[in-house]
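Raw input-v4.csv, CSV, C-alpha atoms and all ligand atoms:
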chain,number,residue,atom,x,y,z
Q,1,MET,CA,75.1,76.7,90.8
Q,2,THR,CA,77.1,74.7,88.3
Q,3,GLU,CA,74.4,74.5,85.7
Q,4,ASP,CA,73.4,78.2,86.1
Q,5,ILE,CA,77.0,79.3,85.6
Q,6,LYS,CA,77.6,77.1,82.6
Q,7,ARG,CA,74.4,78.3,81.1
Q,8,GLN,CA,75.6,81.9,81.3
Q,9,LEU,CA,78.7,80.9,79.4
Q,10,GLY,CA,77.1,78.8,76.7
Q,11,PRO,CA,78.0,75.3,75.6
Q,12,GLU,CA,80.1,76.3,72.6
Q,13,ILE,CA,82.5,78.5,74.6
Q,14,SER,CA,86.0,77.2,75.2
Q,15,VAL,CA,86.9,77.5,78.9
Q,16,PRO,CA,90.6,78.1,79.5
Q,17,LYS,CA,92.2,75.1,81.2
Q,18,HIS,CA,94.5,77.3,83.3
Q,19,ILE,CA,93.5,80.8,84.4
Q,20,ALA,CA,96.0,82.9,86.3
Q,21,ILE,CA,94.9,86.1,88.0
Q,22,ILE,CA,96.9,89.0,89.3
Q,23,MET,CA,94.5,90.1,92.0
Q,24,ASP,CA,95.2,93.9,92.0
Q,25,GLY,CA,93.4,96.8,93.5
Q,26,ASN,CA,92.7,95.8,97.1
Q,27,GLY,CA,94.4,98.9,98.4
Q,28,ARG,CA,92.6,101.3,96.1
Q,29,TRP,CA,89.2,99.6,96.8
Q,30,ALA,CA,89.8,100.2,100.5
Q,31,LYS,CA,91.0,103.8,100.0
Q,32,ARG,CA,87.9,104.6,98.0
Q,33,LYS,CA,85.8,103.3,100.9
Q,34,GLY,CA,87.9,105.3,103.4
Q,35,GLN,CA,89.2,102.1,105.0
Q,36,PRO,CA,92.7,100.8,105.7
Q,37,ARG,CA,94.5,98.9,103.0
Q,38,ILE,CA,94.3,95.6,105.0
Q,39,ALA,CA,90.4,95.9,104.8
Q,40,GLY,CA,90.9,95.6,101.0
Q,41,HIS,CA,93.1,92.5,101.4
Q,42,LYS,CA,90.5,90.9,103.7
Q,43,GLU,CA,87.7,91.6,101.2
Q,44,GLY,CA,90.0,90.3,98.5
Q,45,MET,CA,90.5,87.1,100.4
Q,46,ASN,CA,86.7,86.6,100.7
Q,47,ASN,CA,86.5,87.1,96.9
Q,48,VAL,CA,89.0,84.3,96.4
Q,49,LYS,CA,86.3,82.0,97.8
Q,50,THR,CA,83.6,83.2,95.3
Q,51,ILE,CA,85.8,83.2,92.2
Q,52,ALA,CA,87.5,79.9,93.0
Q,53,THR,CA,84.1,78.2,93.5
Q,54,ALA,CA,82.8,79.7,90.2
Q,55,ALA,CA,86.0,78.8,88.3
Q,56,SER,CA,85.6,75.2,89.6
Q,57,HIS,CA,82.0,75.1,88.4
Q,58,LEU,CA,82.9,76.4,85.0
Q,59,GLY,CA,85.3,73.5,84.5
Q,60,VAL,CA,88.6,75.4,84.9
Q,61,ARG,CA,91.4,72.9,85.6
Q,62,VAL,CA,93.9,75.2,87.3
Q,63,LEU,CA,93.3,78.6,88.9
Q,64,SER,CA,96.6,80.3,89.8
Q,65,LEU,CA,96.3,83.4,92.1
Q,66,TYR,CA,99.1,85.8,92.7
Q,67,ALA,CA,98.7,86.3,96.4
Q,68,PHE,CA,102.1,87.5,97.6
Q,69,SER,CA,105.2,88.4,95.5
Q,70,THR,CA,108.9,88.2,96.4
Q,71,GLU,CA,108.7,92.1,96.1
Q,72,ASN,CA,105.8,92.4,98.5
Q,73,TRP,CA,108.1,92.0,101.5
Q,74,SER,CA,109.0,95.7,101.0
Q,75,ARG,CA,105.5,96.8,102.1
Q,76,PRO,CA,104.9,98.2,105.6
Q,77,SER,CA,105.4,95.4,108.2
Q,78,LYS,CA,101.8,95.7,109.4
Q,79,GLU,CA,100.5,95.0,105.9
Q,80,VAL,CA,103.0,92.1,105.3
Q,81,ASN,CA,102.0,90.5,108.7
Q,82,PHE,CA,98.4,90.8,107.7
Q,83,LEU,CA,99.0,89.2,104.3
Q,84,MET,CA,100.9,86.4,106.0
Q,85,ARG,CA,98.0,85.7,108.3
Q,86,LEU,CA,95.4,85.5,105.5
Q,87,PRO,CA,96.1,81.9,104.6
Q,88,VAL,CA,95.3,81.0,108.3
Q,89,ASP,CA,92.0,82.7,108.0
Q,90,PHE,CA,91.3,81.5,104.5
Q,91,PHE,CA,92.0,77.8,105.1
Q,92,GLY,CA,90.5,77.9,108.6
Q,93,THR,CA,87.1,78.9,107.1
Q,94,PHE,CA,87.1,77.6,103.6
Q,95,MET,CA,88.6,74.1,103.9
Q,96,PRO,CA,85.1,72.4,104.2
Q,97,ASP,CA,84.1,74.0,101.0
Q,98,LEU,CA,87.4,73.1,99.3
Q,99,ILE,CA,86.8,69.5,100.3
Q,100,LYS,CA,83.1,69.6,99.2
Q,101,GLU,CA,84.1,71.1,95.8
Q,102,ASN,CA,86.9,68.5,95.4
Q,103,ILE,CA,89.4,71.3,94.9
Q,104,LYS,CA,93.1,70.5,95.3
Q,105,VAL,CA,95.3,73.2,96.8
Q,106,GLU,CA,98.8,73.8,95.4
Q,107,VAL,CA,101.4,76.4,96.2
Q,108,THR,CA,103.9,78.0,93.9
Q,109,GLY,CA,106.6,80.0,95.6
Q,110,PHE,CA,109.6,80.0,97.9
Q,111,THR,CA,107.6,78.5,100.9
Q,112,ASP,CA,110.8,77.9,102.9
Q,113,LYS,CA,111.1,81.6,103.4
Q,114,LEU,CA,107.6,82.0,104.9
Q,115,PRO,CA,107.0,82.5,108.6
Q,116,ASP,CA,106.5,79.1,110.3
Q,117,ARG,CA,102.8,79.4,110.9
Q,118,THR,CA,102.0,80.6,107.4
Q,119,ARG,CA,104.1,77.8,105.8
Q,120,LYS,CA,102.6,75.1,108.1
Q,121,VAL,CA,99.0,76.2,107.3
Q,122,VAL,CA,99.6,76.4,103.5
Q,123,LEU,CA,101.4,73.0,103.4
Q,124,LYS,CA,98.7,71.4,105.5
Q,125,ALA,CA,96.1,72.6,103.0
Q,126,VAL,CA,98.1,71.1,100.2
Q,127,GLU,CA,98.3,67.8,102.2
Q,128,ASP,CA,94.6,67.8,103.2
Q,129,THR,CA,93.5,68.2,99.6
Q,130,LYS,CA,96.1,66.1,97.9
Q,131,ASP,CA,93.6,63.3,97.0
Q,132,ASN,CA,91.0,65.8,95.5
Q,133,THR,CA,90.6,65.4,91.8
Q,134,GLY,CA,88.9,68.6,90.8
Q,135,MET,CA,90.2,72.0,90.0
Q,136,ILE,CA,93.7,72.9,91.3
Q,137,LEU,CA,93.7,76.1,93.3
Q,138,ASN,CA,97.3,77.2,93.0
Q,139,PHE,CA,98.4,80.0,95.3
Q,140,ALA,CA,101.5,81.9,94.1
Q,141,PHE,CA,102.8,82.9,97.6
Q,142,ASN,CA,106.2,84.4,98.0
Q,143,TYR,CA,106.6,84.0,94.3
Q,144,GLY,CA,108.7,85.9,91.8
Q,145,GLY,CA,109.3,85.0,88.2
Q,146,ARG,CA,112.9,86.2,87.9
Q,147,ALA,CA,113.9,84.5,91.2
Q,148,GLU,CA,112.2,81.3,89.9
Q,149,ILE,CA,114.2,81.4,86.7
Q,150,VAL,CA,117.5,82.1,88.5
Q,151,ASN,CA,116.7,79.2,90.9
Q,152,ALA,CA,116.1,76.9,87.9
Q,153,VAL,CA,119.4,78.0,86.3
Q,154,LYS,CA,121.3,77.3,89.5
Q,155,ASN,CA,119.8,73.8,89.9
Q,156,LEU,CA,120.7,72.9,86.3
Q,157,ALA,CA,124.2,74.3,86.7
Q,158,ILE,CA,124.7,72.2,89.8
Q,159,GLU,CA,123.5,69.1,88.0
Q,160,ALA,CA,125.7,69.9,85.0
Q,161,LYS,CA,128.7,70.4,87.2
Q,162,ASN,CA,128.3,67.2,89.1
Q,163,GLY,CA,127.8,65.3,85.8
Q,164,SER,CA,124.2,64.2,86.3
Q,165,ILE,CA,123.1,66.1,83.2
Q,166,ASP,CA,124.7,67.0,79.9
Q,167,PRO,CA,124.4,70.9,79.7
Q,168,THR,CA,124.2,70.7,75.8
Q,169,LYS,CA,121.0,68.6,76.2
Q,170,ILE,CA,119.1,71.2,78.3
Q,171,ASP,CA,115.8,71.9,76.6
Q,172,ASP,CA,112.4,73.6,77.4
Q,173,THR,CA,111.1,70.5,79.2
Q,174,MET,CA,114.2,70.1,81.4
Q,175,PHE,CA,114.1,73.8,82.2
Q,176,ALA,CA,110.3,73.8,83.0
Q,177,ASP,CA,110.9,70.8,85.3
Q,178,GLN,CA,113.0,73.1,87.5
Q,179,LEU,CA,110.4,75.8,87.8
Q,180,LEU,CA,108.1,76.2,90.9
Q,181,THR,CA,105.1,75.2,88.7
Q,182,ASN,CA,106.5,71.8,87.9
Q,183,GLN,CA,103.8,70.1,90.0
Q,184,LEU,CA,101.2,71.3,87.5
Q,185,GLY,CA,102.8,69.2,84.8
Q,186,ASP,CA,101.2,69.8,81.3
Q,187,LEU,CA,98.9,72.5,82.8
Q,188,ALA,CA,101.7,74.7,84.1
Q,189,ASP,CA,101.3,77.4,81.4
Q,190,PRO,CA,98.2,79.6,81.8
Q,191,ASP,CA,95.9,79.9,78.8
Q,192,LEU,CA,94.5,83.2,80.1
Q,193,LEU,CA,96.1,85.8,82.4
Q,194,ILE,CA,93.6,88.3,84.0
Q,195,ARG,CA,94.9,91.3,85.9
Q,196,THR,CA,92.3,93.3,87.7
Q,197,SER,CA,92.2,97.0,88.6
Q,198,GLY,CA,93.1,98.5,85.2
Q,199,GLU,CA,96.9,98.1,85.5
Q,200,GLU,CA,98.5,96.6,82.4
Q,201,ARG,CA,101.7,94.8,83.3
Q,202,ILE,CA,102.7,91.4,84.5
Q,203,SER,CA,104.8,92.4,87.6
Q,204,ASN,CA,107.2,89.4,87.6
Q,205,PHE,CA,104.4,86.8,87.5
Q,206,MET,CA,105.1,83.5,85.7
Q,207,LEU,CA,107.5,85.1,83.2
Q,208,TRP,CA,108.3,81.7,81.5
Q,209,GLN,CA,104.8,80.2,81.8
Q,210,LEU,CA,103.0,83.3,80.3
Q,211,ALA,CA,104.9,83.1,77.0
Q,212,TYR,CA,101.8,82.3,74.9
Q,213,SER,CA,99.0,83.2,77.3
Q,214,GLU,CA,96.2,85.5,76.3
Q,215,MET,CA,96.0,88.6,78.6
Q,216,VAL,CA,92.9,90.4,79.7
Q,217,PHE,CA,93.2,93.6,81.7
Q,218,ASP,CA,90.0,94.1,83.6
Q,219,LYS,CA,89.3,97.5,85.2
Q,220,THR,CA,87.5,96.1,88.2
Q,221,TYR,CA,89.3,96.2,91.6
Q,222,TRP,CA,89.8,92.7,92.9
Q,223,PRO,CA,87.4,92.8,95.9
Q,224,GLU,CA,84.6,93.7,93.4
Q,225,TYR,CA,85.6,91.3,90.6
Q,226,SER,CA,82.5,89.2,90.2
Q,227,VAL,CA,81.5,85.9,88.6
Q,228,ASP,CA,80.0,88.1,85.8
Q,229,ASN,CA,83.4,89.7,85.3
Q,230,LEU,CA,85.0,86.3,85.1
Q,231,ILE,CA,82.5,85.1,82.5
Q,232,GLU,CA,83.1,88.3,80.4
Q,233,ASP,CA,86.8,87.7,80.5
Q,234,ILE,CA,86.4,84.1,79.5
Q,235,LEU,CA,84.2,85.2,76.6
Q,236,GLU,CA,86.9,87.7,75.6
Q,237,PHE,CA,89.4,84.8,75.7
Q,238,ASP,CA,87.1,82.7,73.5
Q,239,ARG,CA,87.1,85.5,70.9
Q,240,ARG,CA,90.9,85.5,70.6
Q,241,ASP,CA,92.7,83.6,67.9
Q,242,ARG,CA,95.6,81.7,69.5
Q,243,ARG,CA,98.3,80.8,67.0
Q,244,PHE,CA,101.4,80.0,69.2
Q,245,GLY,CA,103.7,81.6,66.7
Q,246,SER,CA,102.2,79.8,63.7
Q,247,VAL,CA,99.9,81.2,61.0
Q,301,LIG,C1,97.5,93.6,95.2
Q,301,LIG,O1,96.7,94.7,95.5
Q,301,LIG,C2,97.2,92.5,96.1
Q,301,LIG,C3,98.0,91.9,96.9
Q,301,LIG,C4,99.5,92.2,97.0
Q,301,LIG,C5,97.6,90.8,97.8
Q,301,LIG,C6,96.5,89.9,97.2
Q,301,LIG,C7,96.0,89.0,98.2
Q,301,LIG,C8,94.7,88.6,98.3
Q,301,LIG,C9,93.7,89.1,97.3
Q,301,LIG,C10,94.2,87.7,99.3
Q,301,LIG,C11,94.8,86.4,99.1
Q,301,LIG,C12,94.2,85.3,99.8
Q,301,LIG,C13,94.8,84.3,100.4
Q,301,LIG,C14,94.0,83.2,100.9
Q,301,LIG,C15,96.3,84.2,100.5
Q,301,LIG,P1,97.3,96.1,96.1
Q,301,LIG,O2,97.5,96.0,97.5
Q,301,LIG,O3,98.6,96.3,95.4
Q,301,LIG,O4,96.3,97.1,95.6
Q,301,LIG,P2,96.5,98.6,95.1
Q,301,LIG,O5,97.4,98.5,93.9
Q,301,LIG,O6,95.2,99.1,94.9
Q,301,LIG,O7,97.3,99.3,96.3
What does the file become when written as structure tokens?
Ligand code: FPP
Amino acid sequence: MTEDIKRQLGPEISVPKHIAIIMDGNGRWAKRKGQPRIAGHKEGMNNVKTIATAASHLGVRVLSLYAFSTENWSRPSKEVNFLMRLPVDFFGTFMPDLIKENIKVEVTGFTDKLPDRTRKVVLKAVEDTKDNTGMILNFAFNYGGRAEIVNAVKNLAIEAKNGSIDPTKIDDTMFADQLLTNQLGDLADPDLLIRTSGEERISNFMLWQLAYSEMVFDKTYWPEYSVDNLIEDILEFDRRDRRFGSV
């Protein structure tokens, strides 16, 4: 599979090191098929397996997936409960492949606020793959960009108050160290953000980290987002001229 996928992309194409995806359109996909919204989330979860495997074969170093936002708690409890059970299903079935693919699982989010079973299964996946050296599959779970920034500010204020840091010395690096993506180190900022389903907004996702990311808004609903779509979006990224504020 690896060689096939790479061939489709072409050797001269620059693959983004960190791709972040807002996996939108599960509900609309299900509605179109006359199915309940949760059927869309289940199909969306299955597609995570396909896209994560392809991204790993393409040489992506970090794939961040927005799986549950701090705002998603306001959805009907049946849907929230279903989304909270998805990691149990996902890691229960996909762990052997993650190990085989040498994929390392990380989580970005307020995990302490997750139901016990969800938290345990997610943290176990992180633990079980911690020695893997391939692509990082980073789940944003109970994640919100504003809450993350407020949390970072609080931590720095506490450290300044107790004298362990000089507040006048706070810089980008010290700030980024307090963010929930700090475990990603130099790879914390996505090179490419993809949002599926045709919506064009960032919905509180990685507000700090997306400062210089290229954005591609793909019309496909997430459950149908294919490896070909991913390759098209990477080719679009390759056509962009990234200047990081310079000329
Ligand atoms: C947004 O679509 C999607 C979500 C809120 C959940 C995304 C979750 C997955 C794709 C599964 C994640 C997998 C694991 C392993 C945790 P929407 O429901 O807002 O769709 P709509 O805009 O069409 O209603």
Can I get the residues close to ligand LIG 301 (chain Q) as a ChimeraX atom specification, where close means within 8 Å and we count all atoms listed in the file?
-> /Q:22-30,37,40-48,65-69,72,83-84,86-91,139,141,197,221-223
Contacts of segment 131-133 of chain Q at 6 Å (all atoms listed in the file; same-chain gap of 5+ positions) as a list in words = Asn102, Ile103 and Lys104 of chain Q
Within 10 Å of segment 167-191 of chain Q, which residues of segment 28-84 of chain Q show up? Give each one with its shortest atom-to-atom distance in Å (one decimal) and the two atoms involved, counting only C-alpha atoms, rows by chain then rising residue number, as a tab-separated table.
residue	atom	partner	partner_atom	distance
Q:Arg61	CA	Q:Leu187	CA	8.0
Q:Val62	CA	Q:Leu187	CA	7.2
Q:Leu63	CA	Q:Pro190	CA	8.7
Q:Ser64	CA	Q:Pro190	CA	8.2
Between Q:Leu235, Q:Val227, Q:Val150, Q:Val247, which one has atoms that come closest to Ile13 of chain Q, using only C-alpha atoms?
-> Q:Leu235
Residue neighbourhood Ser56 of chain Q, 8 Å, all atoms listed in the file, exclusion window fewer than 2 positions, as a list in words | Ala52, Thr53, Ala54, Leu58, Gly59, Val60, Arg61, Glu101, Ile103, Gly134 and Met135 of chain Q
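Of the residues listed (Q:Phe244, Q:Lys130, Q:Asp97, Q:Trp73), Q:Trp73 shows the shortest atom-to-atom separation from Pro115 of chain Q; distances use only C-alpha atoms.
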Check the smallest atom-to-atom distance from each of Q:Arg117, Q:His57, Q:Arg239, Q:Lys33 to Gln8 of chain Q using only C-alpha atoms, then report the winner.
-> Q:His57
Tell me, as a list in words, which residues lie within 8 Å of Thr111 of chain Q, counting all atoms listed in the file; anything in the same chain fewer than 3 positions away does not count.
->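 Once the adjacent positions are removed, what remains is Thr108, Leu114, Arg119, Phe141 and Asn142 of chain Q.
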May I have the centre and edge lengths, in Å to one decimal, of an axis-aligned box around the listed atoms of segment 35-44 of chain Q with 4 Å added to every side, as JSON?
{"center_x": 91.1, "center_y": 96.2, "center_z": 102.1, "size_x": 14.8, "size_y": 19.8, "size_z": 15.2}
Pick the closest to Ser77 of chain Q from Q:Ser164, Q:Ile38, Q:Asp218, Q:Phe110: which is it, counting all atoms listed in the file?
->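 Under the stated criterion, the closest residue is Q:Ile38.
For the pair atom CA of Gly145 of chain Q and atom CA of Ser203 of chain Q, the separation is 8.7 Å.
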Determine, counting only C-alpha atoms, which protein, DNA and RNA residues have an atom within 6 Å of an atom of Gly144 of chain Q; residues of the same chain fewer than 2 positions away are not included. Present the result as a ChimeraX atom specification.
-> /Q:69-70,146-147,204
Any idea what the distance is between atom CA of Arg85 of chain Q and atom CA of Val105 of chain Q?
->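 Computed distance, atom CA of Arg85 of chain Q to atom CA of Val105 of chain Q, equals 17.2 Å.
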Measure the distance from atom CA of Ser14 of chain Q to atom CA of Phe217 of chain Q in Å and round it to one decimal.
->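 These two atoms are separated by 19.1 Å.
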Which residue, Q:Leu192, Q:Thr50, Q:Ser226, Q:Gly163, has the smallest gap to Val15 of chain Q when you use only C-alpha atoms?
-> Q:Leu192
